[in-house]
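Okay, model-v5.tsv is below, TSV, C-alpha atoms:
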chain	number	residue	atom	x	y	z
A	1	MET	CA	54.49	69.54	68.91
A	2	LYS	CA	53.19	66.03	69.60
A	3	GLY	CA	49.64	67.37	69.61
A	4	LEU	CA	50.17	69.03	66.24
A	5	ALA	CA	51.59	65.80	64.80
A	6	ASN	CA	48.53	63.91	66.04
A	7	VAL	CA	46.22	66.44	64.41
A	8	VAL	CA	48.12	66.16	61.12
A	9	ALA	CA	47.91	62.36	61.25
A	10	VAL	CA	44.15	62.45	61.88
A	11	GLU	CA	43.60	64.99	59.09
A	12	LEU	CA	45.61	62.88	56.64
A	13	LYS	CA	43.56	59.78	57.49
A	14	LEU	CA	40.34	61.70	56.90
A	15	ILE	CA	41.59	63.02	53.54
A	16	VAL	CA	42.77	59.63	52.30
A	17	ARG	CA	39.51	57.98	53.38
A	18	ASP	CA	37.57	60.41	51.21
A	19	PRO	CA	37.19	58.51	47.90
A	20	MET	CA	37.24	61.58	45.65
A	21	SER	CA	40.29	63.16	47.29
A	22	ALA	CA	42.22	59.91	47.25
A	23	PHE	CA	41.31	59.19	43.63
A	24	PHE	CA	42.21	62.59	42.22
A	25	ALA	CA	45.41	63.00	44.25
A	26	LEU	CA	46.75	59.45	43.93
A	27	VAL	CA	45.11	57.63	41.03
A	28	PHE	CA	44.18	60.31	38.50
A	29	PRO	CA	47.74	61.67	38.01
A	30	ALA	CA	48.98	58.10	37.45
A	31	ILE	CA	46.30	57.62	34.79
A	32	MET	CA	47.37	60.88	33.15
A	33	LEU	CA	50.98	59.66	33.14
A	34	TRP	CA	49.95	56.46	31.35
A	35	VAL	CA	47.84	58.38	28.82
A	36	LYS	CA	50.70	60.74	28.00
A	37	LEU	CA	53.25	57.94	27.62
A	38	ARG	CA	51.15	55.33	25.82
A	39	GLY	CA	52.35	56.72	22.48
A	40	GLY	CA	55.99	56.25	23.47
A	41	ASN	CA	58.68	58.23	25.25
A	42	LYS	CA	59.27	60.67	22.42
A	43	PRO	CA	61.68	63.56	23.01
A	44	LEU	CA	60.29	67.06	23.25
A	45	ARG	CA	61.68	70.05	21.42
A	46	GLY	CA	65.13	70.50	22.92
A	47	GLY	CA	65.68	66.76	23.36
A	48	THR	CA	64.14	66.17	26.81
A	49	PRO	CA	62.51	62.71	26.93
A	50	LEU	CA	58.77	63.01	27.44
A	51	ILE	CA	58.85	61.02	30.69
A	52	ASP	CA	61.54	63.29	32.17
A	53	ALA	CA	59.30	66.31	31.59
A	54	THR	CA	55.98	64.70	32.44
A	55	VAL	CA	56.73	63.33	35.91
A	56	PRO	CA	58.12	66.64	37.28
A	57	MET	CA	55.15	68.47	35.74
A	58	LEU	CA	52.64	66.10	37.28
A	59	THR	CA	54.19	66.36	40.75
A	60	VAL	CA	53.25	70.05	40.64
A	61	PHE	CA	49.81	69.03	39.31
A	62	VAL	CA	49.39	66.93	42.47
A	63	ILE	CA	50.49	69.84	44.68
A	64	GLY	CA	47.97	72.10	42.96
A	65	LEU	CA	45.15	69.59	43.35
A	66	ALA	CA	45.86	69.06	47.04
A	67	THR	CA	46.25	72.77	47.83
A	68	LEU	CA	43.82	74.55	45.52
A	69	VAL	CA	40.95	72.05	45.50
A	70	VAL	CA	41.06	69.64	48.44
A	71	LEU	CA	42.47	71.97	51.13
A	72	PRO	CA	40.00	74.88	50.72
A	73	ALA	CA	37.10	72.45	50.50
A	74	THR	CA	38.21	70.82	53.76
A	75	LEU	CA	38.34	74.15	55.61
A	76	ALA	CA	35.03	75.27	54.14
A	77	HIS	CA	33.36	71.97	55.10
A	78	TYR	CA	34.62	72.47	58.66
A	79	ARG	CA	33.18	76.01	58.67
A	80	GLU	CA	29.88	74.80	57.23
A	81	ARG	CA	29.58	72.07	59.88
A	82	ARG	CA	30.61	74.50	62.63
A	83	VAL	CA	33.71	72.48	63.44
A	84	LEU	CA	35.75	75.70	63.28
A	85	LYS	CA	33.44	77.35	65.82
A	86	ARG	CA	34.19	74.52	68.26
A	87	LEU	CA	37.91	74.75	67.55
A	88	ARG	CA	37.79	78.46	68.35
A	89	ALA	CA	36.96	77.54	71.95
A	90	THR	CA	40.16	75.48	72.23
A	91	PRO	CA	43.77	76.70	72.52
A	92	ALA	CA	44.23	76.07	68.78
A	93	SER	CA	45.28	79.24	66.96
A	94	ARG	CA	44.72	80.16	63.33
A	95	ALA	CA	48.38	79.53	62.62
A	96	MET	CA	48.21	76.07	64.20
A	97	LEU	CA	45.07	75.20	62.26
A	98	PHE	CA	46.66	76.37	59.01
A	99	GLY	CA	49.89	74.52	59.75
A	100	ALA	CA	48.08	71.26	60.45
A	101	GLN	CA	45.92	71.53	57.34
A	102	TRP	CA	48.87	72.46	55.13
A	103	ALA	CA	51.02	69.61	56.47
A	104	ALA	CA	48.26	67.00	56.07
A	105	HIS	CA	47.51	68.03	52.50
A	106	MET	CA	51.21	68.18	51.65
A	107	LEU	CA	51.63	64.62	52.90
A	108	LEU	CA	48.86	63.68	50.48
A	109	ALA	CA	50.80	65.45	47.71
A	110	VAL	CA	53.98	63.62	48.76
A	111	LEU	CA	52.18	60.29	48.40
A	112	GLY	CA	50.85	61.23	44.97
A	113	SER	CA	54.25	62.50	43.79
A	114	ALA	CA	56.08	59.42	45.11
A	115	LEU	CA	53.63	57.15	43.30
A	116	LEU	CA	54.25	59.01	40.03
A	117	ILE	CA	58.02	58.73	40.44
A	118	VAL	CA	57.88	55.00	41.21
A	119	ILE	CA	55.66	54.32	38.18
A	120	GLY	CA	57.92	56.46	36.01
A	121	LEU	CA	61.06	54.64	37.13
A	122	VAL	CA	59.61	51.14	36.89
A	123	ALA	CA	57.41	51.38	33.80
A	124	PHE	CA	58.76	54.19	31.61
A	125	GLY	CA	62.49	54.54	32.24
A	126	LEU	CA	62.33	57.83	34.12
A	127	THR	CA	65.74	59.40	34.71
A	128	ALA	CA	66.42	60.16	38.37
A	129	PRO	CA	66.63	63.87	39.20
A	130	ALA	CA	70.10	65.24	38.56
A	131	ASN	CA	69.79	67.89	41.27
A	132	VAL	CA	67.84	66.26	44.09
A	133	VAL	CA	68.27	69.18	46.50
A	134	GLY	CA	67.10	71.64	43.84
A	135	VAL	CA	64.00	69.53	43.14
A	136	LEU	CA	63.15	69.21	46.83
A	137	VAL	CA	63.56	72.94	47.48
A	138	ALA	CA	61.48	73.82	44.41
A	139	TRP	CA	58.78	71.29	45.33
A	140	LEU	CA	58.60	72.54	48.91
A	141	LEU	CA	58.42	76.21	47.93
A	142	GLY	CA	55.77	75.36	45.33
A	143	ALA	CA	53.81	73.59	48.06
A	144	LEU	CA	54.17	76.63	50.34
A	145	SER	CA	53.11	79.16	47.71
A	146	LEU	CA	50.17	77.19	46.32
A	147	GLY	CA	49.22	76.05	49.82
A	148	SER	CA	49.04	79.69	50.94
A	149	ILE	CA	46.64	80.43	48.10
A	150	GLY	CA	44.56	77.40	49.06
A	151	LEU	CA	44.45	78.55	52.67
A	152	LEU	CA	43.34	81.99	51.51
A	153	LEU	CA	40.48	80.42	49.56
A	154	GLY	CA	39.57	78.27	52.55
A	155	ALA	CA	39.65	81.33	54.81
A	156	LEU	CA	37.03	83.13	52.75
A	157	VAL	CA	34.65	80.62	51.13
A	158	PRO	CA	31.62	79.75	53.29
A	159	THR	CA	30.65	76.27	52.03
A	160	GLY	CA	32.39	73.13	50.85
A	161	ARG	CA	30.55	73.05	47.55
A	162	ALA	CA	31.47	76.64	46.76
A	163	ALA	CA	35.10	75.97	47.72
A	164	THR	CA	35.26	72.99	45.38
A	165	VAL	CA	33.79	74.95	42.47
A	166	ILE	CA	36.06	77.95	43.02
A	167	GLY	CA	39.09	75.73	43.59
A	168	LEU	CA	38.52	73.85	40.33
A	169	ALA	CA	37.95	77.14	38.50
A	170	VAL	CA	41.36	78.32	39.74
A	171	PHE	CA	43.13	74.98	39.37
A	172	PHE	CA	42.36	73.88	35.82
A	173	PRO	CA	43.32	77.05	33.91
A	174	MET	CA	46.46	77.21	36.03
A	175	VAL	CA	47.61	73.64	35.29
A	176	PHE	CA	46.93	74.00	31.58
A	177	LEU	CA	48.71	77.33	31.14
A	178	SER	CA	51.52	76.91	33.68
A	179	GLY	CA	52.92	73.75	32.14
A	180	ALA	CA	51.80	71.30	34.82
A	181	MET	CA	49.73	69.33	32.33
A	182	ILE	CA	51.02	70.36	28.89
A	183	PRO	CA	54.80	70.69	28.37
A	184	ARG	CA	55.76	74.32	27.84
A	185	GLU	CA	57.81	73.24	24.81
A	186	THR	CA	54.59	72.45	22.95
A	187	MET	CA	52.78	75.70	23.84
A	188	SER	CA	52.47	78.76	21.68
A	189	GLY	CA	54.32	81.90	22.72
A	190	SER	CA	51.12	83.61	23.82
A	191	MET	CA	50.13	80.66	26.05
A	192	ARG	CA	53.56	80.62	27.67
A	193	ALA	CA	53.36	84.39	28.25
A	194	ILE	CA	50.01	84.03	30.02
A	195	GLY	CA	51.22	81.01	31.97
A	196	ASP	CA	54.27	82.91	33.19
A	197	LEU	CA	51.95	85.26	35.09
A	198	LEU	CA	50.31	82.45	37.09
A	199	PRO	CA	51.58	81.36	40.53
A	200	MET	CA	52.00	77.72	39.51
A	201	ALA	CA	54.48	78.51	36.72
A	202	PRO	CA	57.48	79.16	39.01
A	203	ALA	CA	56.97	75.79	40.71
A	204	VAL	CA	56.79	73.91	37.40
A	205	GLN	CA	59.86	75.67	36.04
A	206	ALA	CA	61.92	75.23	39.20
A	207	VAL	CA	61.09	71.53	39.61
A	208	ARG	CA	61.88	70.82	35.96
A	209	ASP	CA	65.12	72.81	36.14
A	210	GLY	CA	66.25	70.82	39.16
A	211	TRP	CA	65.25	67.52	37.58
A	212	ALA	CA	67.34	68.33	34.51
A	213	GLY	CA	70.35	69.14	36.66
A	214	GLY	CA	70.20	72.92	36.68
A	215	ALA	CA	69.90	75.17	39.69
A	216	PRO	CA	66.45	76.76	40.06
A	217	SER	CA	66.59	80.47	39.37
A	218	PRO	CA	66.84	82.62	42.54
A	219	LEU	CA	64.19	84.89	41.01
A	220	THR	CA	61.83	81.93	40.56
A	221	LEU	CA	62.38	80.79	44.14
A	222	GLY	CA	61.96	84.37	45.38
A	223	VAL	CA	58.62	84.69	43.60
A	224	MET	CA	57.35	81.57	45.36
A	225	VAL	CA	58.52	82.88	48.73
A	226	ALA	CA	56.78	86.21	48.06
A	227	ILE	CA	53.53	84.47	47.10
A	228	SER	CA	53.72	82.39	50.30
A	229	ILE	CA	54.18	85.46	52.49
A	230	VAL	CA	51.51	87.61	50.84
A	231	ALA	CA	48.83	84.93	50.42
A	232	GLY	CA	49.57	83.36	53.81
A	233	GLY	CA	49.37	86.73	55.53
A	234	LEU	CA	46.08	87.54	53.85
A	235	ALA	CA	44.72	84.13	54.81
A	236	LEU	CA	45.55	84.68	58.48
A	237	ARG	CA	44.07	88.19	58.41
A	238	THR	CA	40.82	87.28	56.64
A	239	PHE	CA	40.17	83.86	58.19
A	240	ARG	CA	36.69	83.40	59.61
A	241	TRP	CA	35.96	80.70	62.16

Whole structure given in structure tokens:
Amino acid sequence: MKGLANVVAVELKLIVRDPMSAFFALVFPAIMLWVKLRGGNKPLRGGTPLIDATVPMLTVFVIGLATLVVLPATLAHYRERRVLKRLRATPASRAMLFGAQWAAHMLLAVLGSALLIVIGLVAFGLTAPANVVGVLVAWLLGALSLGSIGLLLGALVPTGRAATVIGLAVFFPMVFLSGAMIPRETMSGSMRAIGDLLPMAPAVQAVRDGWAGGAPSPLTLGVMVAISIVAGGLALRTFRW
């Protein structure tokens, strides 16, 4: 357990030291928050203040960026540089490697999410989450489900450049249509219908529900668990050292 914690700590340091990863996971979401709120904290349709919708949305944006873009690129870079081949000769298993990578990238997402919440509270009058446990459960299951997809991408893609391109191609349509960048209240019915089919949508909905004080739907949580199991299982089965 101590060895795994050391690996996670080293991986997190390497991620944070990468200028692009640190910028897009920590700084870029904060810039987006400022851009969205510079016109004022206007209520959305239904009366939710813009800040109370935007911060929960952007925490899922950060999860998606860490899991769908940074994580697969990290694994693919290791494969490209034959780091994984060397790890294969050690006692490290696929599950241990995946666990360490997931934990390190989730800590990056935690940092990005915490920064958003602090800025929201201090600068824009963000309301604290009414159902803290619901938000934490939804955030964690969203991290598990999207992280499993990221691990699956990292298990298959041969090079870091290809992983980045594919990750961005998956990430950006998902954040736009799932409500992680644009509030669902402002979308057309057809956009919401398409977004509902994407694996990021349950995370956005569950986090926002918990923030507003509601209990995340058991169906929504179940979908995230199912995605985690299926994508994680496929990642373990198809992983190439």

| field | Interatomic distance (Å, one decimal) between atom CA of A:Asp196 and atom CA of A:Ser178 | value | 6.6 Å

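Using only C-alpha atoms, the smallest distance between any of A:Met181, A:Val62, A:Ile229, A:Ala25 and A:Trp139 comes from A:Val62.
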
| task | Dump as a PyMOL selection string all residues having an atom at most 12 Å from (61.0, 85.0, 41.0), computed in the file's coordinates with only C-alpha atoms. | result | chain A and resi 138+141-142+145+196-203+205-206+216-227

Could you take the residues named above and write them with C-alpha atoms, as a short mmCIF file (atom, residue, chain, number, x, y, z; two decimals), in the frame of the given file?
data_model
loop_
_atom_site.label_atom_id
_atom_site.label_comp_id
_atom_site.auth_asym_id
_atom_site.auth_seq_id
_atom_site.Cartn_x
_atom_site.Cartn_y
_atom_site.Cartn_z
CA ALA A 138 61.48 73.82 44.41
CA LEU A 141 58.42 76.21 47.93
CA GLY A 142 55.77 75.36 45.33
CA SER A 145 53.11 79.16 47.71
CA ASP A 196 54.27 82.91 33.19
CA LEU A 197 51.95 85.26 35.09
CA LEU A 198 50.31 82.45 37.09
CA PRO A 199 51.58 81.36 40.53
CA MET A 200 52.00 77.72 39.51
CA ALA A 201 54.48 78.51 36.72
CA PRO A 202 57.48 79.16 39.01
CA ALA A 203 56.97 75.79 40.71
CA GLN A 205 59.86 75.67 36.04
CA ALA A 206 61.92 75.23 39.20
CA PRO A 216 66.45 76.76 40.06
CA SER A 217 66.59 80.47 39.37
CA PRO A 218 66.84 82.62 42.54
CA LEU A 219 64.19 84.89 41.01
CA THR A 220 61.83 81.93 40.56
CA LEU A 221 62.38 80.79 44.14
CA GLY A 222 61.96 84.37 45.38
CA VAL A 223 58.62 84.69 43.60
CA MET A 224 57.35 81.57 45.36
CA VAL A 225 58.52 82.88 48.73
CA ALA A 226 56.78 86.21 48.06
CA ILE A 227 53.53 84.47 47.10
#

| task | Please identify all polymer residues within 7 Å of stretch 101-105 of chain A, counting all atoms listed in the file, omitting same-chain residues fewer than 3 positions from it, and present them as a PyMOL selection string. | result | chain A and resi 8-9+11-12+66-67+71+97-98+108-109+147

For the residues in the current selection, export C-alpha atoms as a short mmCIF file (atom, residue, chain, number, x, y, z; two decimals), in the coordinates of the input.
data_model
loop_
_atom_site.label_atom_id
_atom_site.label_comp_id
_atom_site.auth_asym_id
_atom_site.auth_seq_id
_atom_site.Cartn_x
_atom_site.Cartn_y
_atom_site.Cartn_z
CA VAL A 8 48.12 66.16 61.12
CA ALA A 9 47.91 62.36 61.25
CA GLU A 11 43.60 64.99 59.09
CA LEU A 12 45.61 62.88 56.64
CA ALA A 66 45.86 69.06 47.04
CA THR A 67 46.25 72.77 47.83
CA LEU A 71 42.47 71.97 51.13
CA LEU A 97 45.07 75.20 62.26
CA PHE A 98 46.66 76.37 59.01
CA LEU A 108 48.86 63.68 50.48
CA ALA A 109 50.80 65.45 47.71
CA GLY A 147 49.22 76.05 49.82
#

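If all atoms listed in the file are the atoms counted, then among A:Ile15, A:Met32, A:Ala95, A:Val165 the closest residue to A:Thr59 is A:Met32.
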
| Which protein, DNA or RNA residues are at most 12 Å from (45.8, 62.4, 30.2) in the file's coordinates when you count all atoms listed in the file, listed as a VMD selection string? | chain A and resid 27 to 39 54 58 61 176 180 to 182

Deliver the residues from the most recent selection as a file, using C-alpha atoms, as a PDB file, in the coordinates of the input.
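Heads up, here's the output in again-v1.pdb:
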ATOM      1  CA  VAL A  27      45.110  57.630  41.030  1.00  0.00           C
ATOM      2  CA  PHE A  28      44.180  60.310  38.500  1.00  0.00           C
ATOM      3  CA  PRO A  29      47.740  61.670  38.010  1.00  0.00           C
ATOM      4  CA  ALA A  30      48.980  58.100  37.450  1.00  0.00           C
ATOM      5  CA  ILE A  31      46.300  57.620  34.790  1.00  0.00           C
ATOM      6  CA  MET A  32      47.370  60.880  33.150  1.00  0.00           C
ATOM      7  CA  LEU A  33      50.980  59.660  33.140  1.00  0.00           C
ATOM      8  CA  TRP A  34      49.950  56.460  31.350  1.00  0.00           C
ATOM      9  CA  VAL A  35      47.840  58.380  28.820  1.00  0.00           C
ATOM     10  CA  LYS A  36      50.700  60.740  28.000  1.00  0.00           C
ATOM     11  CA  LEU A  37      53.250  57.940  27.620  1.00  0.00           C
ATOM     12  CA  ARG A  38      51.150  55.330  25.820  1.00  0.00           C
ATOM     13  CA  GLY A  39      52.350  56.720  22.480  1.00  0.00           C
ATOM     14  CA  THR A  54      55.980  64.700  32.440  1.00  0.00           C
ATOM     15  CA  LEU A  58      52.640  66.100  37.280  1.00  0.00           C
ATOM     16  CA  PHE A  61      49.810  69.030  39.310  1.00  0.00           C
ATOM     17  CA  PHE A 176      46.930  74.000  31.580  1.00  0.00           C
ATOM     18  CA  ALA A 180      51.800  71.300  34.820  1.00  0.00           C
ATOM     19  CA  MET A 181      49.730  69.330  32.330  1.00  0.00           C
ATOM     20  CA  ILE A 182      51.020  70.360  28.890  1.00  0.00           C
TER      21      ILE A 182
END

| query | When you draw a straight line from atom CA of A:Thr164 to atom CA of A:Val70, how long is it in Å? | reply | 7.4 Å

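Once A:Phe239 and its same-chain neighbours fewer than 3 positions away are set aside, Ala155, Ala235 and Leu236 of chain A remain within 6 Å of it when counting all atoms listed in the file.
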
| remark: The distance between atom CA of A:Val83 and atom CA of A:Arg17 is 18.6 Å

| note | Closest of A:Gly150, A:Pro158, A:Pro183, A:Pro56 to A:Ala128, counting all atoms listed in the file, is A:Pro56

| Contacts of A:Leu156 at 10 Å (all atoms listed in the file; same-chain gap of 6+ positions) as number ranges by chain | A: 72, 75-76, 163, 235, 238-241

| remark: Judged by only C-alpha atoms, the minimum distance to A:Phe124 among A:Val69, A:Leu26, A:Ile51, A:Leu140 is found for A:Ile51

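Near A:Leu44, within 8 Å and counting only C-alpha atoms, sit Gly47, Thr48, Pro49, Leu50, Glu185 and Thr186 of chain A, not including residues fewer than 3 positions from it in the same chain.
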
| field | Pick from A:Leu144, A:Val175, A:Ile117, A:Asn131 nearest to A:Gly99, counting only C-alpha atoms | value | A:Leu144

| note | Residue with the minimum atom-to-atom distance to A:Leu234, picked from A:Met20, A:Ile63, A:Leu153, A:Ala114 with only C-alpha atoms counted, is A:Leu153
